[in-house]
$ cat my_file37.pdb   # PDB, C-alpha atoms
ATOM      1  CA  MET A   1      87.804  96.310  86.149  1.00  0.00           C
ATOM      2  CA  LEU A   2      85.854  98.704  88.370  1.00  0.00           C
ATOM      3  CA  THR A   3      86.048  99.300  92.108  1.00  0.00           C
ATOM      4  CA  VAL A   4      83.264  98.809  94.632  1.00  0.00           C
ATOM      5  CA  PHE A   5      82.946 102.600  94.739  1.00  0.00           C
ATOM      6  CA  ASP A   6      81.606 102.600  91.176  1.00  0.00           C
ATOM      7  CA  LYS A   7      77.837 103.140  90.970  1.00  0.00           C
ATOM      8  CA  SER A   8      77.407  99.838  89.094  1.00  0.00           C
ATOM      9  CA  PHE A   9      78.293  97.914  92.270  1.00  0.00           C
ATOM     10  CA  ALA A  10      74.933  99.013  93.693  1.00  0.00           C
ATOM     11  CA  ALA A  11      73.319  96.062  91.910  1.00  0.00           C
ATOM     12  CA  TYR A  12      75.358  93.705  94.105  1.00  0.00           C
ATOM     13  CA  GLY A  13      75.952  95.510  97.395  1.00  0.00           C
ATOM     14  CA  ARG A  14      77.418  98.640  98.931  1.00  0.00           C
ATOM     15  CA  VAL A  15      80.484  99.913 100.736  1.00  0.00           C
ATOM     16  CA  LEU A  16      80.066  99.932 104.517  1.00  0.00           C
ATOM     17  CA  GLU A  17      80.475 103.240 106.311  1.00  0.00           C
ATOM     18  CA  GLY A  18      80.683 104.099 109.986  1.00  0.00           C
ATOM     19  CA  TYR A  19      82.669 101.022 111.059  1.00  0.00           C
ATOM     20  CA  ASP A  20      86.291 100.987 112.207  1.00  0.00           C
ATOM     21  CA  PHE A  21      87.836  97.736 110.954  1.00  0.00           C
ATOM     22  CA  THR A  22      91.375  98.530 112.184  1.00  0.00           C
ATOM     23  CA  GLU A  23      91.415  96.257 115.247  1.00  0.00           C
ATOM     24  CA  LEU A  24      89.664  93.456 113.371  1.00  0.00           C
ATOM     25  CA  LEU A  25      92.176  93.518 110.517  1.00  0.00           C
ATOM     26  CA  ASP A  26      95.129  93.778 112.902  1.00  0.00           C
ATOM     27  CA  LYS A  27      93.926  90.653 114.724  1.00  0.00           C
ATOM     28  CA  LEU A  28      93.390  88.860 111.407  1.00  0.00           C
ATOM     29  CA  GLU A  29      96.924  89.627 110.259  1.00  0.00           C
ATOM     30  CA  ALA A  30      98.468  88.688 113.605  1.00  0.00           C
ATOM     31  CA  THR A  31      96.692  85.379 114.120  1.00  0.00           C
ATOM     32  CA  THR A  32      95.876  83.807 110.740  1.00  0.00           C
ATOM     33  CA  GLU A  33      97.832  82.124 107.976  1.00  0.00           C
ATOM     34  CA  LYS A  34      98.097  83.546 104.440  1.00  0.00           C
ATOM     35  CA  PRO A  35      98.965  80.593 102.161  1.00  0.00           C
ATOM     36  CA  ALA A  36     100.742  81.326  98.903  1.00  0.00           C
ATOM     37  CA  ASN A  37      99.336  78.400  96.908  1.00  0.00           C
ATOM     38  CA  ARG A  38      95.821  77.644  98.199  1.00  0.00           C
ATOM     39  CA  VAL A  39      92.793  79.181  99.897  1.00  0.00           C
ATOM     40  CA  ILE A  40      91.736  78.509 103.476  1.00  0.00           C
ATOM     41  CA  TYR A  41      88.357  79.363 104.978  1.00  0.00           C
ATOM     42  CA  THR A  42      87.209  79.404 108.603  1.00  0.00           C
ATOM     43  CA  PRO A  43      83.499  80.235 109.096  1.00  0.00           C
ATOM     44  CA  SER A  44      83.796  81.319 112.737  1.00  0.00           C
ATOM     45  CA  ASP A  45      86.907  82.490 114.608  1.00  0.00           C
ATOM     46  CA  PRO A  46      86.467  83.079 118.379  1.00  0.00           C
ATOM     47  CA  ALA A  47      89.394  85.527 118.506  1.00  0.00           C
ATOM     48  CA  LEU A  48      87.793  87.743 115.875  1.00  0.00           C
ATOM     49  CA  GLU A  49      84.343  87.424 117.403  1.00  0.00           C
ATOM     50  CA  ALA A  50      85.671  88.533 120.809  1.00  0.00           C
ATOM     51  CA  LEU A  51      86.433  92.018 119.479  1.00  0.00           C
ATOM     52  CA  PRO A  52      84.054  94.957 120.134  1.00  0.00           C
ATOM     53  CA  ILE A  53      83.136  95.293 116.459  1.00  0.00           C
ATOM     54  CA  PHE A  54      81.277  91.967 116.650  1.00  0.00           C
ATOM     55  CA  GLU A  55      78.388  93.592 118.495  1.00  0.00           C
ATOM     56  CA  ALA A  56      78.294  96.535 116.079  1.00  0.00           C
ATOM     57  CA  LEU A  57      78.160  94.273 113.031  1.00  0.00           C
ATOM     58  CA  GLN A  58      75.574  91.967 114.582  1.00  0.00           C
ATOM     59  CA  ASN A  59      73.258  94.715 115.818  1.00  0.00           C
ATOM     60  CA  ARG A  60      73.680  97.279 113.053  1.00  0.00           C
ATOM     61  CA  ALA A  61      74.613  95.483 109.849  1.00  0.00           C
ATOM     62  CA  PHE A  62      72.476  92.397 110.553  1.00  0.00           C
ATOM     63  CA  GLY A  63      69.758  94.024 112.648  1.00  0.00           C
ATOM     64  CA  GLY A  64      70.375  91.880 115.716  1.00  0.00           C
ATOM     65  CA  MET A  65      70.412  88.498 113.936  1.00  0.00           C
ATOM     66  CA  PRO A  66      73.099  86.024 115.130  1.00  0.00           C
ATOM     67  CA  ILE A  67      76.281  86.263 113.061  1.00  0.00           C
ATOM     68  CA  GLN A  68      79.710  84.692 112.706  1.00  0.00           C
ATOM     69  CA  ILE A  69      83.013  86.345 111.850  1.00  0.00           C
ATOM     70  CA  GLY A  70      85.523  84.213 110.012  1.00  0.00           C
ATOM     71  CA  TYR A  71      88.111  84.626 107.294  1.00  0.00           C
ATOM     72  CA  CYS A  72      89.122  83.563 103.800  1.00  0.00           C
ATOM     73  CA  ASN A  73      92.860  83.792 103.114  1.00  0.00           C
ATOM     74  CA  GLY A  74      95.276  82.628 100.456  1.00  0.00           C
ATOM     75  CA  ALA A  75      95.992  82.852  96.755  1.00  0.00           C
ATOM     76  CA  ASN A  76      93.308  82.533  94.106  1.00  0.00           C
ATOM     77  CA  ALA A  77      92.822  84.065  90.663  1.00  0.00           C
ATOM     78  CA  LYS A  78      89.874  82.051  89.317  1.00  0.00           C
ATOM     79  CA  LEU A  79      86.096  82.194  89.508  1.00  0.00           C
ATOM     80  CA  ASN A  80      85.658  78.379  89.881  1.00  0.00           C
ATOM     81  CA  CYS A  81      82.174  78.486  91.452  1.00  0.00           C
ATOM     82  CA  LEU A  82      79.410  80.833  92.471  1.00  0.00           C
ATOM     83  CA  GLU A  83      77.469  80.538  95.711  1.00  0.00           C
ATOM     84  CA  TYR A  84      74.668  82.331  97.525  1.00  0.00           C
ATOM     85  CA  HIS A  85      73.078  82.366 100.965  1.00  0.00           C
ATOM     86  CA  ARG A  86      69.857  83.326 102.703  1.00  0.00           C
ATOM     87  CA  GLY A  87      71.127  86.634 104.066  1.00  0.00           C
ATOM     88  CA  SER A  88      73.813  89.128 103.115  1.00  0.00           C
ATOM     89  CA  GLU A  89      77.575  88.635 103.409  1.00  0.00           C
ATOM     90  CA  ILE A  90      80.166  91.169 104.551  1.00  0.00           C
ATOM     91  CA  VAL A  91      83.695  91.055 103.109  1.00  0.00           C
ATOM     92  CA  VAL A  92      86.455  93.220 104.587  1.00  0.00           C
ATOM     93  CA  ALA A  93      89.712  93.339 102.621  1.00  0.00           C
ATOM     94  CA  ALA A  94      92.929  93.132 104.611  1.00  0.00           C
ATOM     95  CA  ASP A  95      94.727  93.228 101.244  1.00  0.00           C
ATOM     96  CA  GLU A  96      93.415  94.578  97.970  1.00  0.00           C
ATOM     97  CA  LEU A  97      91.306  91.881  96.349  1.00  0.00           C
ATOM     98  CA  VAL A  98      88.769  91.300  93.595  1.00  0.00           C
ATOM     99  CA  LEU A  99      85.195  90.090  93.963  1.00  0.00           C
ATOM    100  CA  ILE A 100      83.810  88.201  90.957  1.00  0.00           C
ATOM    101  CA  VAL A 101      80.035  88.454  91.202  1.00  0.00           C
ATOM    102  CA  ALA A 102      76.864  87.766  89.251  1.00  0.00           C
ATOM    103  CA  LYS A 103      73.123  88.029  89.833  1.00  0.00           C
ATOM    104  CA  LEU A 104      71.007  85.165  91.125  1.00  0.00           C
ATOM    105  CA  GLN A 105      68.239  86.422  88.843  1.00  0.00           C
ATOM    106  CA  ASP A 106      70.386  85.459  85.835  1.00  0.00           C
ATOM    107  CA  VAL A 107      70.382  81.765  86.779  1.00  0.00           C
ATOM    108  CA  VAL A 108      67.985  80.052  84.353  1.00  0.00           C
ATOM    109  CA  ASP A 109      67.100  76.386  84.783  1.00  0.00           C
ATOM    110  CA  GLY A 110      70.072  76.013  87.099  1.00  0.00           C
ATOM    111  CA  LYS A 111      72.557  77.377  84.545  1.00  0.00           C
ATOM    112  CA  LEU A 112      74.551  80.603  84.357  1.00  0.00           C
ATOM    113  CA  CYS A 113      77.017  81.764  81.722  1.00  0.00           C
ATOM    114  CA  THR A 114      80.182  83.168  83.261  1.00  0.00           C
ATOM    115  CA  CYS A 115      79.909  85.975  80.703  1.00  0.00           C
ATOM    116  CA  LYS A 116      77.308  87.442  83.082  1.00  0.00           C
ATOM    117  CA  ALA A 117      79.900  87.879  85.846  1.00  0.00           C
ATOM    118  CA  GLU A 118      81.421  91.244  86.747  1.00  0.00           C
ATOM    119  CA  MET A 119      84.599  92.060  88.661  1.00  0.00           C
ATOM    120  CA  PHE A 120      85.096  94.711  91.329  1.00  0.00           C
ATOM    121  CA  VAL A 121      88.254  95.685  93.195  1.00  0.00           C
ATOM    122  CA  VAL A 122      87.923  96.024  96.980  1.00  0.00           C
ATOM    123  CA  PRO A 123      90.755  98.292  98.219  1.00  0.00           C
ATOM    124  CA  LYS A 124      92.714  97.368 101.339  1.00  0.00           C
ATOM    125  CA  GLY A 125      90.808  98.217 104.516  1.00  0.00           C
ATOM    126  CA  VAL A 126      87.422  98.562 102.817  1.00  0.00           C
ATOM    127  CA  GLY A 127      84.376  96.540 103.864  1.00  0.00           C
ATOM    128  CA  VAL A 128      81.401  95.775 101.615  1.00  0.00           C
ATOM    129  CA  ILE A 129      78.078  94.074 102.187  1.00  0.00           C
ATOM    130  CA  CYS A 130      76.940  91.816  99.345  1.00  0.00           C
ATOM    131  CA  TYR A 131      73.210  91.307  99.055  1.00  0.00           C
ATOM    132  CA  GLU A 132      71.451  87.944  99.284  1.00  0.00           C
ATOM    133  CA  THR A 133      70.919  87.826  95.520  1.00  0.00           C
ATOM    134  CA  THR A 134      74.619  88.365  94.762  1.00  0.00           C
ATOM    135  CA  LEU A 135      76.405  85.260  93.524  1.00  0.00           C
ATOM    136  CA  HIS A 136      80.024  85.176  94.687  1.00  0.00           C
ATOM    137  CA  TYR A 137      82.788  82.828  95.806  1.00  0.00           C
ATOM    138  CA  ALA A 138      86.288  83.128  97.249  1.00  0.00           C
ATOM    139  CA  PRO A 139      87.925  86.532  96.689  1.00  0.00           C
ATOM    140  CA  ALA A 140      90.555  86.685  93.966  1.00  0.00           C
ATOM    141  CA  ARG A 141      93.798  88.534  93.374  1.00  0.00           C
ATOM    142  CA  LYS A 142      95.791  88.857  90.152  1.00  0.00           C
ATOM    143  CA  GLU A 143      99.009  87.876  91.899  1.00  0.00           C
ATOM    144  CA  GLY A 144     100.095  87.248  95.464  1.00  0.00           C
ATOM    145  CA  ALA A 145      98.028  86.220  98.457  1.00  0.00           C
ATOM    146  CA  PHE A 146      95.348  88.000 100.458  1.00  0.00           C
ATOM    147  CA  ARG A 147      93.539  87.990 103.786  1.00  0.00           C
ATOM    148  CA  SER A 148      89.848  88.856 104.124  1.00  0.00           C
ATOM    149  CA  ILE A 149      87.207  88.938 106.837  1.00  0.00           C
ATOM    150  CA  ILE A 150      83.934  87.126 106.075  1.00  0.00           C
ATOM    151  CA  VAL A 151      80.794  87.892 108.118  1.00  0.00           C
ATOM    152  CA  LEU A 152      77.667  85.781 107.625  1.00  0.00           C
ATOM    153  CA  PRO A 153      74.529  84.622 109.449  1.00  0.00           C
ATOM    154  CA  ARG A 154      75.542  82.185 112.189  1.00  0.00           C
ATOM    155  CA  MET A 155      76.124  78.537 111.155  1.00  0.00           C
ATOM    156  CA  THR A 156      76.491  79.375 107.444  1.00  0.00           C
ATOM    157  CA  ASN A 157      78.974  77.144 105.575  1.00  0.00           C
ATOM    158  CA  THR A 158      78.928  74.479 108.276  1.00  0.00           C
ATOM    159  CA  GLU A 159      77.638  70.907 107.930  1.00  0.00           C
ATOM    160  CA  LYS A 160      74.982  70.366 105.262  1.00  0.00           C
ATOM    161  CA  PRO A 161      71.596  69.543 106.776  1.00  0.00           C
ATOM    162  CA  ALA A 162      69.932  66.212 106.062  1.00  0.00           C
ATOM    163  CA  MET A 163      67.054  66.715 103.645  1.00  0.00           C
ATOM    164  CA  THR A 164      65.171  65.047 100.813  1.00  0.00           C
ATOM    165  CA  PRO A 165      65.262  67.139  97.611  1.00  0.00           C
ATOM    166  CA  GLY A 166      61.880  68.473  96.621  1.00  0.00           C
ATOM    167  CA  GLU A 167      62.692  71.120  94.004  1.00  0.00           C
ATOM    168  CA  PRO A 168      65.557  71.748  91.544  1.00  0.00           C
ATOM    169  CA  GLU A 169      67.299  74.300  93.787  1.00  0.00           C
ATOM    170  CA  ASP A 170      67.804  71.601  96.423  1.00  0.00           C
ATOM    171  CA  GLU A 171      70.420  69.985  94.166  1.00  0.00           C
ATOM    172  CA  ARG A 172      72.628  73.054  94.670  1.00  0.00           C
ATOM    173  CA  LEU A 173      72.665  72.899  98.477  1.00  0.00           C
ATOM    174  CA  PHE A 174      76.320  72.213  99.280  1.00  0.00           C
ATOM    175  CA  ALA A 175      76.534  73.116 102.982  1.00  0.00           C
ATOM    176  CA  ARG A 176      74.364  74.791 105.592  1.00  0.00           C
ATOM    177  CA  ASN A 177      72.917  77.975 104.055  1.00  0.00           C
ATOM    178  CA  LYS A 178      75.203  77.558 101.012  1.00  0.00           C
ATOM    179  CA  TRP A 179      73.859  76.931  97.541  1.00  0.00           C
ATOM    180  CA  LEU A 180      76.697  76.322  95.065  1.00  0.00           C
ATOM    181  CA  ILE A 181      76.955  76.337  91.279  1.00  0.00           C
ATOM    182  CA  ALA A 182      80.274  74.934  90.052  1.00  0.00           C
ATOM    183  CA  HIS A 183      82.225  75.188  86.830  1.00  0.00           C
ATOM    184  CA  PRO A 184      82.870  71.731  85.302  1.00  0.00           C
ATOM    185  CA  GLU A 185      86.661  72.216  85.403  1.00  0.00           C
ATOM    186  CA  THR A 186      86.835  72.560  89.186  1.00  0.00           C
ATOM    187  CA  GLY A 187      87.634  70.277  92.069  1.00  0.00           C
ATOM    188  CA  GLU A 188      84.245  71.116  93.560  1.00  0.00           C
ATOM    189  CA  ALA A 189      82.561  69.663  90.469  1.00  0.00           C
ATOM    190  CA  LYS A 190      84.684  66.533  90.669  1.00  0.00           C
ATOM    191  CA  GLY A 191      83.737  66.296  94.344  1.00  0.00           C
ATOM    192  CA  GLY A 192      80.032  66.148  93.613  1.00  0.00           C
ATOM    193  CA  ALA A 193      78.989  69.814  93.569  1.00  0.00           C
ATOM    194  CA  TYR A 194      76.168  70.848  91.275  1.00  0.00           C
ATOM    195  CA  VAL A 195      77.576  71.859  87.860  1.00  0.00           C
ATOM    196  CA  GLY A 196      75.808  74.808  86.295  1.00  0.00           C
ATOM    197  CA  LEU A 197      78.379  77.378  85.159  1.00  0.00           C
ATOM    198  CA  THR A 198      78.924  77.539  81.409  1.00  0.00           C
ATOM    199  CA  GLY A 199      81.547  79.448  79.461  1.00  0.00           C
ATOM    200  CA  GLU A 200      85.083  80.258  80.516  1.00  0.00           C
ATOM    201  CA  ASN A 201      86.295  79.736  84.062  1.00  0.00           C
ATOM    202  CA  ILE A 202      87.387  83.350  84.591  1.00  0.00           C
ATOM    203  CA  ASP A 203      91.062  83.761  85.519  1.00  0.00           C
ATOM    204  CA  ILE A 204      92.059  87.318  86.429  1.00  0.00           C
ATOM    205  CA  SER A 205      95.755  86.461  86.278  1.00  0.00           C
ATOM    206  CA  LYS A 206      95.352  86.447  82.508  1.00  0.00           C
TER
END
$ encode --input "my_file37.pdb" --output "structure tokens"
Amino acid sequence: MLTVFDKSFAAYGRVLEGYDFTELLDKLEATTEKPANRVIYTPSDPALEALPIFEALQNRAFGGMPIQIGYCNGANAKLNCLEYHRGSEIVVAADELVLIVAKLQDVVDGKLCTCKAEMFVVPKGVGVICYETTLHYAPARKEGAFRSIIVLPRMTNTEKPAMTPGEPEDERLFARNKWLIAHPETGEAKGGAYVGLTGENIDISK
């Protein structure tokens, strides 16, 4: 398992430089839950967005486009699904975590073998930006729980828009600006998500 500082991560994103995440991570740790047996996700947290770094991330990392700062916390060791958005995603690790990623270009006829996925460790305190074509899902950790900051274009992962499917990709739209490909063993699949992952549901605890 490589870290995000390895040159091979360049196919998926890059490590952010020139940002001080200290205050953001302190606020995250002071004000959010870290469940030991599940994952929680909040797309937009007003307390995090009130910090000075919000403007820096919006104007520099996203070029002035409206953004949201939220969090994904808890315990997870499995791949389960892969998702993508129109626009990049920033992940800042409050605890060391693992990103399981793949390339959107490897999705063929709506299917992707999990053997195409790669794993990268994000050290504590490090922020990365994952490109639009990077498939990803909730961060993972071999054991124990984690906290992480998630920055996305505003309104991402909120209510799914009403639309009439017109092409195969439309079947994967799971929420606003969230296209999801689920593994058949997951709760997401049982809940109606598009099933397109084949192969093993990766579990880094093993």
$ resolve_selection --input "my_file37.pdb" --expression "the PyMOL selection byres ((chain A and resi 30-38) around 7)" --output "mmCIF file with C-alpha atoms, in the coordinates of the input"
data_model
loop_
_atom_site.group_PDB
_atom_site.id
_atom_site.type_symbol
_atom_site.label_atom_id
_atom_site.label_comp_id
_atom_site.auth_asym_id
_atom_site.auth_seq_id
_atom_site.Cartn_x
_atom_site.Cartn_y
_atom_site.Cartn_z
ATOM 1 C CA ASP A 26 95.129 93.778 112.902
ATOM 2 C CA LYS A 27 93.926 90.653 114.724
ATOM 3 C CA LEU A 28 93.390 88.860 111.407
ATOM 4 C CA GLU A 29 96.924 89.627 110.259
ATOM 5 C CA VAL A 39 92.793 79.181 99.897
ATOM 6 C CA ILE A 40 91.736 78.509 103.476
ATOM 7 C CA ASN A 73 92.860 83.792 103.114
ATOM 8 C CA GLY A 74 95.276 82.628 100.456
ATOM 9 C CA ALA A 75 95.992 82.852 96.755
ATOM 10 C CA ASN A 76 93.308 82.533 94.106
ATOM 11 C CA GLY A 144 100.095 87.248 95.464
ATOM 12 C CA ALA A 145 98.028 86.220 98.457
ATOM 13 C CA PHE A 146 95.348 88.000 100.458
ATOM 14 C CA ARG A 147 93.539 87.990 103.786
#
$ resolve_selection --input "my_file37.pdb" --expression "the PyMOL selection byres ((chain A and resi 169) around 10)" --output "ChimeraX atom specification"
/A:109-110,165-168,170-173,179-180,194
$ closest_residue --input "my_file37.pdb" --among "A:Gly63, A:Gly70, A:Gly187, A:Gly192" --to "Thr156 of chain A" --atoms "all atoms listed in the file"
A:Gly70
$ resolve_selection --input "my_file37.pdb" --expression "the PyMOL selection byres ((chain A and resi 116) around 12)" --output "compact mmCIF listing (two decimals) with C-alpha atoms, in the coordinates of the input"
# COMPACT_ATOMS: atom_id res chain seq x y z
CA LEU A 82 79.41 80.83 92.47
CA ILE A 100 83.81 88.20 90.96
CA VAL A 101 80.04 88.45 91.20
CA ALA A 102 76.86 87.77 89.25
CA LYS A 103 73.12 88.03 89.83
CA LEU A 104 71.01 85.16 91.12
CA GLN A 105 68.24 86.42 88.84
CA ASP A 106 70.39 85.46 85.84
CA VAL A 107 70.38 81.76 86.78
CA VAL A 108 67.98 80.05 84.35
CA LYS A 111 72.56 77.38 84.54
CA LEU A 112 74.55 80.60 84.36
CA CYS A 113 77.02 81.76 81.72
CA THR A 114 80.18 83.17 83.26
CA CYS A 115 79.91 85.98 80.70
CA ALA A 117 79.90 87.88 85.85
CA GLU A 118 81.42 91.24 86.75
CA MET A 119 84.60 92.06 88.66
CA LEU A 135 76.40 85.26 93.52
CA LEU A 197 78.38 77.38 85.16
CA THR A 198 78.92 77.54 81.41
CA GLY A 199 81.55 79.45 79.46
CA GLU A 200 85.08 80.26 80.52
CA ASN A 201 86.30 79.74 84.06
CA ILE A 202 87.39 83.35 84.59
$ closest_residue --input "my_file37.pdb" --among "A:His136, A:Arg176, A:Lys206, A:Lys160" --to "Gly13 of chain A" --atoms "all atoms listed in the file"
A:His136
$ closest_residue --input "my_file37.pdb" --among "A:Ser148, A:Leu24, A:Arg14, A:Val195" --to "Thr134 of chain A" --atoms "all atoms listed in the file"
A:Arg14
$ axis_aligned_box --input "my_file37.pdb" --around "segment 15-20 of chain A" --padding-each-side "3 Å" --output "lines of an AutoDock Vina configuration file"
center_x = 83.2
center_y = 102.0
center_z = 106.5
size_x = 12.2
size_y = 10.2
size_z = 17.5
$ residues_around --input "my_file37.pdb" --residues "Thr22 of chain A" --least-positions-apart "4" --cutoff "12 Å" --atoms "all atoms listed in the file" --output "list in words"
Asp26, Lys27, Leu28, Glu29, Leu48, Leu51, Pro52, Ile53, Val92, Ala93, Ala94, Lys124, Gly125, Val126, Gly127 and Ile149 of chain A
$ write_last_selection --input "my_file37.pdb" --atoms "C-alpha atoms" --output "mmCIF file, in the coordinates of the input"
data_model
loop_
_atom_site.group_PDB
_atom_site.id
_atom_site.type_symbol
_atom_site.label_atom_id
_atom_site.label_comp_id
_atom_site.auth_asym_id
_atom_site.auth_seq_id
_atom_site.Cartn_x
_atom_site.Cartn_y
_atom_site.Cartn_z
ATOM 1 C CA ASP A 26 95.129 93.778 112.902
ATOM 2 C CA LYS A 27 93.926 90.653 114.724
ATOM 3 C CA LEU A 28 93.390 88.860 111.407
ATOM 4 C CA GLU A 29 96.924 89.627 110.259
ATOM 5 C CA LEU A 48 87.793 87.743 115.875
ATOM 6 C CA LEU A 51 86.433 92.018 119.479
ATOM 7 C CA PRO A 52 84.054 94.957 120.134
ATOM 8 C CA ILE A 53 83.136 95.293 116.459
ATOM 9 C CA VAL A 92 86.455 93.220 104.587
ATOM 10 C CA ALA A 93 89.712 93.339 102.621
ATOM 11 C CA ALA A 94 92.929 93.132 104.611
ATOM 12 C CA LYS A 124 92.714 97.368 101.339
ATOM 13 C CA GLY A 125 90.808 98.217 104.516
ATOM 14 C CA VAL A 126 87.422 98.562 102.817
ATOM 15 C CA GLY A 127 84.376 96.540 103.864
ATOM 16 C CA ILE A 149 87.207 88.938 106.837
#
$ atom_distance --input "my_file37.pdb" --atom1 "atom CA of Ala175 of chain A" --atom2 "atom CA of Tyr137 of chain A"
13.6 Å
$ atom_distance --input "my_file37.pdb" --atom1 "atom CA of Glu96 of chain A" --atom2 "atom CA of Glu17 of chain A"
17.7 Å
$ residues_around --input "my_file37.pdb" --residues "Thr186 of chain A" --least-positions-apart "3" --cutoff "9 Å" --atoms "only C-alpha atoms" --output "count of residues only"
8
$ atom_distance --input "my_file37.pdb" --atom1 "atom CA of Gln68 of chain A" --atom2 "atom CA of Glu49 of chain A"
7.1 Å
$ closest_residue --input "my_file37.pdb" --among "A:Ala50, A:Leu25, A:Cys72, A:Met1" --to "Ile150 of chain A" --atoms "all atoms listed in the file"
A:Cys72
$ closest_residue --input "my_file37.pdb" --among "A:Ile181, A:Ile129, A:Ile204, A:Val4" --to "Leu57 of chain A" --atoms "all atoms listed in the file"
A:Ile129
$ closest_residue --input "my_file37.pdb" --among "A:Phe54, A:Glu143, A:Phe120, A:Arg60" --to "Lys7 of chain A" --atoms "only C-alpha atoms"
A:Phe120
